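Colleague: protein.txt is reproduced in full below (compact mmCIF, C-alpha atoms).
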```
# COMPACT_ATOMS: atom_id res chain seq x y z
CA MET A 30 5.45 10.07 -2.59
CA GLY A 31 1.83 9.39 -1.80
CA MET A 32 -0.65 9.21 1.04
CA PHE A 33 -3.83 7.39 1.97
CA ARG A 34 -6.44 8.30 4.56
CA TRP A 35 -8.88 5.75 5.99
CA ASP A 36 -12.04 7.31 7.44
CA ARG A 37 -14.96 5.93 9.45
CA PRO A 38 -18.43 6.29 7.94
CA ASP A 39 -18.91 9.42 10.09
CA GLY A 40 -15.85 11.00 8.43
CA LYS A 41 -13.46 10.70 11.39
CA PRO A 42 -10.01 9.36 10.43
CA VAL A 43 -8.97 5.86 11.47
CA MET A 44 -5.41 6.03 10.15
CA PHE A 45 -3.09 7.71 7.68
CA GLU A 46 -0.50 6.05 5.45
CA ILE A 47 2.47 7.73 3.83
CA LEU A 48 4.47 5.95 1.14
CA THR A 49 7.48 6.52 -1.07
CA ILE A 50 8.89 4.70 -4.08
CA THR A 51 12.64 5.01 -4.54
CA SER A 52 15.25 3.54 -6.84
CA GLU A 53 18.10 1.91 -4.91
CA GLY A 54 20.77 0.18 -6.98
CA GLU A 55 18.97 -2.34 -9.18
CA ASP A 56 15.81 -2.28 -7.02
CA LEU A 57 12.68 -0.16 -6.90
CA LEU A 58 11.41 -0.10 -3.31
CA LEU A 59 8.04 0.95 -1.92
CA ARG A 60 8.17 1.99 1.73
CA LEU A 61 5.13 2.78 3.80
CA ARG A 62 4.31 3.78 7.32
CA HIS A 63 0.99 3.99 9.18
CA TYR A 64 -0.05 6.71 11.61
CA SER A 65 -2.91 7.20 14.05
CA PRO A 66 -5.09 10.32 13.74
CA LYS A 67 -2.73 11.88 16.33
CA LEU A 68 0.25 10.97 14.08
CA ALA A 69 1.64 8.27 16.36
CA ALA A 70 3.58 5.88 14.08
CA LYS A 71 2.56 2.22 14.12
CA GLU A 72 5.88 0.88 12.81
CA ASP A 73 9.23 1.27 14.59
CA LYS A 74 10.98 4.50 13.60
CA ASP A 75 13.77 2.74 11.68
CA LYS A 76 11.63 -0.08 10.23
CA PRO A 77 9.11 1.09 7.63
CA MET A 78 7.22 -1.63 5.78
CA THR A 79 9.27 -2.26 2.63
CA LEU A 80 8.19 -3.97 -0.58
CA LYS A 81 10.24 -4.58 -3.72
CA LEU A 82 9.08 -4.29 -7.33
CA THR A 83 8.90 -7.88 -8.64
CA GLU A 84 6.72 -7.54 -11.76
CA HIS A 85 5.92 -4.67 -14.06
CA GLY A 86 4.34 -3.98 -17.41
CA GLU A 87 2.74 -1.15 -19.31
CA ARG A 88 -0.26 -0.90 -16.96
CA ARG A 89 0.72 -3.08 -13.97
CA ALA A 90 3.24 -3.04 -11.13
CA VAL A 91 3.58 -5.61 -8.35
CA PHE A 92 5.50 -4.97 -5.14
CA ALA A 93 6.21 -8.01 -2.91
CA ALA A 94 7.13 -8.08 0.78
CA HIS A 95 10.83 -7.35 1.30
CA GLU A 96 11.66 -6.10 4.83
CA HIS A 97 9.55 -5.47 7.93
CA ALA A 98 6.39 -6.00 5.84
CA GLY A 99 4.37 -7.45 8.70
CA ASP A 100 1.42 -9.37 7.30
CA LEU A 101 1.63 -7.71 3.88
CA SER A 102 2.32 -10.15 1.07
CA ARG A 103 2.12 -7.88 -1.96
CA ILE A 104 0.50 -4.80 -3.45
CA VAL A 105 -0.69 -4.82 -7.06
CA TYR A 106 -1.28 -1.58 -8.97
CA HIS A 107 -3.20 -2.00 -12.22
CA CYS A 108 -4.52 0.62 -14.67
CA PRO A 109 -7.21 -1.06 -16.79
CA THR A 110 -7.92 2.32 -18.43
CA ALA A 111 -6.08 5.63 -18.59
CA ASP A 112 -8.47 7.05 -15.96
CA THR A 113 -8.68 4.12 -13.53
CA LEU A 114 -6.23 2.73 -10.97
CA LYS A 115 -7.01 -0.52 -9.17
CA ILE A 116 -5.01 -1.35 -6.05
CA THR A 117 -5.07 -4.80 -4.46
CA VAL A 118 -3.39 -5.30 -1.08
CA GLN A 119 -2.77 -8.97 -0.32
CA PHE A 120 -1.86 -10.41 3.07
CA ALA A 121 0.21 -13.41 4.12
CA ALA A 122 -1.95 -16.33 5.23
CA LYS A 123 -1.81 -17.14 8.91
CA GLU A 124 -2.30 -20.70 10.08
CA GLY A 125 -6.01 -21.52 10.14
CA GLU A 126 -6.95 -18.04 8.95
CA GLU A 127 -7.45 -16.52 5.53
CA ARG A 128 -7.69 -12.77 5.08
CA GLU A 129 -9.42 -11.30 2.08
CA PRO A 130 -7.39 -8.76 0.10
CA LEU A 131 -8.23 -5.07 0.29
CA GLU A 132 -9.27 -3.71 -3.08
CA PHE A 133 -9.53 -0.06 -4.09
CA GLU A 134 -10.56 1.48 -7.40
CA LEU A 135 -9.64 5.11 -8.03
CA THR A 136 -11.05 7.08 -10.95
CA ARG A 137 -9.68 10.32 -12.34
CA GLU A 138 -12.20 13.14 -12.35
CA GLY A 139 -12.40 16.43 -14.20
CA LYS A 140 -9.72 16.42 -16.85
```
Using the file provided, produce a representation of the structure as structure tokens.

Modeller:
Amino acid sequence: MGMFRWDRPDGKPVMFEILTITSEGEDLLLRLRHYSPKLAAKEDKDKPMTLKLTEHGERRAVFAAHEHAGDLSRIVYHCPTADTLKITVQFAAKEGEEREPLEFELTREGK
């Protein structure tokens, strides 16, 4: 289980995201849901965004759109070092529009 908080430059929250990764049969599924600062859910109550593990290696995992994923195409988690996690969120292309991926780099502090 994990969470993400997106803040404005002034520190006020824009949205929260809660996610889980579960093993179901032969599949590993990542489910996520977005909330407003007042905890109003963006997705329907019985339709979280769901992605399925499609690639994995020692330092990389790729989850691709599976059910109710909206404009999400895939999420790539990559650990180039033991103390760094890079996350790339890719979106499905809409006709006549291309959306740049969101990229995050997290670094472990204070061992």

Colleague: Nearest to His63 in chain A: which of A:Glu46, A:Glu87, A:Glu134, A:Glu129 is it, counting all atoms listed in the file?

Modeller: A:Glu46

Colleague: Have a look at CA of Arg62 in chain A and CA of Arg88 in chain A and let me know their distance in Å, one decimal.

Modeller: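 So the answer is 25.1 Å.
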
Colleague: Contacts of range 108-113 of chain A at 9 Å or less, counting only C-alpha atoms, minus same-chain residues fewer than 2 places along, as a list of chain:residue names?

Modeller: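 Skipping anything fewer than 2 positions along the chain leaves A:Glu87, A:Arg88, A:Arg89, A:Tyr106, A:Lys115, A:Ile116, A:Glu134, A:Leu135, A:Thr136, A:Arg137, A:Glu138.
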
Colleague: To one decimal place, how far is CA of Asp56 in chain A from CA of Phe33 in chain A in Å?

Modeller: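 Computing the Euclidean distance for CA of Asp56 in chain A and CA of Phe33 in chain A yields 23.7 Å.
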
Colleague: To one decimal in Å, tell me the separation between CA of Thr83 in chain A and CA of Glu53 in chain A.

Modeller: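 Here the two named atoms are 13.9 Å from each other.
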
Colleague: Pick the closest to Leu101 in chain A from A:Leu114, A:Glu84, A:Pro130, A:Leu48: which is it, counting only C-alpha atoms?

Modeller: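 Once distances to Leu101 in chain A are computed over only C-alpha atoms, the minimum belongs to A:Pro130.
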
Colleague: Find the residues near Ser65 in chain A: any atom within 8 Å, counting all atoms listed in the file, skip ones fewer than 5 places away on the same chain, and give them as a list in words.

Modeller: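 In the requested format, the answer is Val43, Met44, Phe45, Ala70 and Lys71 of chain A.
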
Colleague: Could you tell me which of A:Ile50, A:Ala94, A:Met30, A:Met78 comes closest to Ala121 in chain A if we count all atoms listed in the file?

Modeller: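 Nearest to Ala121 in chain A: A:Ala94.
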
Colleague: Could you check which of A:His85, A:Pro38, A:Val118, A:Leu61 is closest to His97 in chain A, using all atoms listed in the file?

Modeller: A:Leu61

Colleague: So, counting all atoms listed in the file, which residue among A:Arg128, A:Pro42, A:Ser102, A:Asp36 is closest to Leu68 in chain A?

Modeller: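 Comparing A:Arg128, A:Pro42, A:Ser102, A:Asp36 against Leu68 in chain A, the winner is A:Pro42.
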